[in-house]
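**Q** Handing you a structure now.
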Amino acid sequence: MADSSTSTLKFVVTGGGIAGLICAYLLREIGHDVVVLEKSSRKEQVTSDHGGVRIPPNMMRLLQALPRTEELLEAKASKCAGILFHQCKEGERAELVGKMDFAQEVMNDLGCDFYFIPHKDLHEHLYTLCIECGVNLIHEFEVVEVQTSKPTNGNGPRVMNRSGDFVTGDIIIGADGKNSVVRKILLTEEDETEEVDSNTSDSEKSSLSTIKAIVGATLSIPISLLKSDPELEPLLRGENHWMVYMGNGTSIAMARYGPDLYLLDLTYGQHPLPGDTDSEWLAPGTPAQSVLDKAQEYDGRVQKLINLGKRSHWNIQTVHALPRYVSKLNQVVVVGDAAHSMYINGTHNTAASFEDAFTLSRLFSRFSSTQQLKSNASFFLNSYQQIQQKRTRAMETSEMNTMLLLGIPPGIEREGRNSGFKLTLHLDGADDATLERVWAGYVAQFDYDARDAVDEWWMTWARPGNRDSSIIGGVSVISTQ
Ligand SMILES: Cc1cc2nc3c(=O)[nH]c(=O)nc-3n(C[C@H](O)[C@H](O)[C@H](O)COP(=O)(O)OP(=O)(O)OC[C@H]3O[C@@H](n4cnc5c(N)ncnc54)[C@H](O)[C@@H]3O)c2cc1C
């Protein structure tokens with residue numbers, strides 16, 4: 001199966017989830033050879049009707065750069081009007097304690113809306129785009145090993161399956177999700193060298209160290225079941241809000257994801273509990289009962305919804321806080337959940353995958369000749385690492401803090417949080433400066449364009465005087481020959 005690129009670079013993408021497909025599409029679009037290796041069959045992926053994706057403004061900005069996005073959103077997605085925060089107390093109806101209105105000017109100024117879409121529809125859209133532009137997609141190829149070699153050997157890196165079949169390329173992109181095989185190569189290198197992670201600030205480190213695994217569950221509920229229940233049907237009326245319910249150690253977020261899907265996510269604001277299990281997204285669902293067991297204090301309406309769940313998925317995502325996204329020999333790079341862990345109540349896992357892909361492809365679009373690309377590949381990869389590690393760390397930290405905040409147990413701290421939230425119920429007519437202050441954290445995450453970040457990086461570090469600066473570890477010198 002080995003092949004070598006004739007006019008450009010050859011990328012081998014392991015994993016045909018959203019991160020793998022968007023990387024593959026963007027790299028192919030700028031002329032590279034791309035092969036995607038996916039362990040599931042095409043049928044398994046097509047028949048998966050589970051899960052959903054949140055599209056915050058920072059992801060929407062990028063999605064809009066792809067063909068036929070408007071038609072996709074029109075047919076398959078639901079617009080989000082804002083977030084409503086509720087406090088739950090066992091045996092009582094949940095109380096509305098806070099709200100974020102996306103129509104308010106400070107959000108409107110971001111220039112992009114917030115949407116929800118079924119996972120399968122976004123995945124299928126990207127799959128079609130990949131096929132149309134000539135990405136080579138191979139199913140039922142489970143990568144079990146990655147081999148890298150010194151460039152002097154003349155051999156590129158390669159990936160292998162259990163039968164010993166292998167695919168070689170210039171660069172391997174690990175997009176094989178939260179239990180990534182490709183990531184292992186980076187973790188092994190880390191053990192060997194005990195490298196200092198200079199990119200993580202002390203405050204980020206202390207926040208990341210509080211929780212080492214993010215636990216959550218997702219439940220998919222067909223819209224028809226809500227329609228036929230008089231207590232649940234009002235959830236479908238009017239504008240679609242992201243309904244957040246805050247419990248004791250956990251929180252639940254739910255919304256409509258397109259014409260046929262209602263989705264409910266339970267997230268822990270605490271360490272994993274005994275008996276918690278991890279499962280693959282494409283594995284058959286575990287029963288909704290296990291979610292209900294963790295949601296005793298929630299509003300009766302929320303519990304009713306949980307009972308209607310047709311598929312549920314338990315997820316334990318370890319926080320690796322990888323010191324490097326790129327291997328020492330600059331032949332392997334990780335993206336998406338293989339690189340970073342952001343999950344559930346937050347808005348960031350798929351958005352971060354899009355940002356990874358746009359960052360990587362924009363860097364690799366800088367030159368057109370194979371020689372220039374090859375001689376600068378390590379510079380591009382290390383630039384990707386510098387840009388995206390900083391960005392995803394910031395999002396990861398904010399995600400962790402949100403998780404902990406939403407799950408605060410009863411007591412003074414929780415009352416303080418709710419008093420703060422309650423101020424947001426009276427923001428109608430507030431001036432821009434006040435709104436900006438209240439929602440500063442969200443605005444910082446949403447007001448980001450991965451392409452601009454690369455352009456700024458390029459202006460700063462690719463200028464002649466800076467080409468071998470220590471910030472890029474002196475990995476490569478740009479040659480414009
Ligand atoms: C069916 C499905 C439903 C989902 N629903 C939700 C949801 O409701 N909420 C949410 O927050 N997130 C959900 N996710 C996860 C979400 O897609 C990711 O967190 C995010 O989009 C980043 O995607 P990723 O491509 O990095 O990871 P993933 O979406 O996990 O994709 C990884 C891909 O790599 C493949 N793969 C794994 N190991 C190997 C290997 N060794 N060799 C070859 N291929 C391999 C997997 O089969 C998968 O297709 C879902 C994922 C899937 C697959």
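Order determines the names: the first chain of the structure tokens is A, the second B, and so forth; residues in each chain are numbered 1 upward, and ligands are numbered 1 upward as they are shown.
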Grab me every residue within 7 Å of ligand 1, counting only C-alpha atoms and all ligand atoms, and send it over as a PyMOL selection string.
**A** chain A and resi 14-20+37-40+45+48+50-53+119-120+141-144+175-181+218+281-282+335-338+343-344+349-350+353
**Q** Apply DSSP to the backbone of this structure and, from range 290-457 of chain A, keep only the residues in strand (DSSP E or B); write these as a list of chain:residue names.
**A**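 In range 290-457 of chain A, DSSP puts these residues in strand (DSSP E or B): A:Arg311, A:Ser312, A:His313, A:Trp314, A:Asn315, A:Ile316, A:Gln317, A:Thr318, A:Val326, A:Val332, A:Val333, A:Val334.
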**Q** What residues in range 211-308 of chain A get the DSSP label alpha helix (DSSP H)? Please answer as a list in words.
**A**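 Alpha helix (DSSP H) members of range 211-308 of chain A, listed: Ile223, Ser224, Leu225, Leu226, Lys227, Gln289, Ser290, Val291, Leu292, Gly300, Arg301, Val302, Gln303, Lys304, Leu305, Ile306, Asn307 and Leu308 of chain A.
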**Q** As a list of chain:residue names, please: the residues near Cys130 in chain A (cut-off 7 Å, only C-alpha atoms, same-chain neighbours under 6 positions excluded).
**A**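 Returned residues: A:Leu21, A:Ala24, A:Tyr25.
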**Q** Using only C-alpha atoms, which of A:Met160, A:Ile30, A:Thr148, A:Glu124 sits nearest Leu329 in chain A?
**A**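 Ranked by minimum distance to Leu329 in chain A, first place goes to A:Thr148.
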**Q** Counting only C-alpha atoms, what is within 12 Å of Thr69 in chain A, bar same-chain residues fewer than 3 positions away, as JSON, numbers by chain?
**A** {"A": [60, 61, 62, 63, 64, 65, 66, 72, 73, 74, 75, 76, 77, 115, 117, 121, 122, 125, 126, 129]}
**Q** Find the residue from A:Gly98, A:Gly249, A:Gly216, A:Gly258 that sits nearest to Leu404 in chain A; use only C-alpha atoms when measuring.
**A** A:Gly249
**Q** Would you pick out the contacts of Gln385 in chain A at 8 Å or less, using only C-alpha atoms, so that residues sharing its chain but fewer than 5 positions from it are not included, and give the list as a list in words?
**A**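 Here the answer would be Arg324, Tyr325 and Val326 of chain A.
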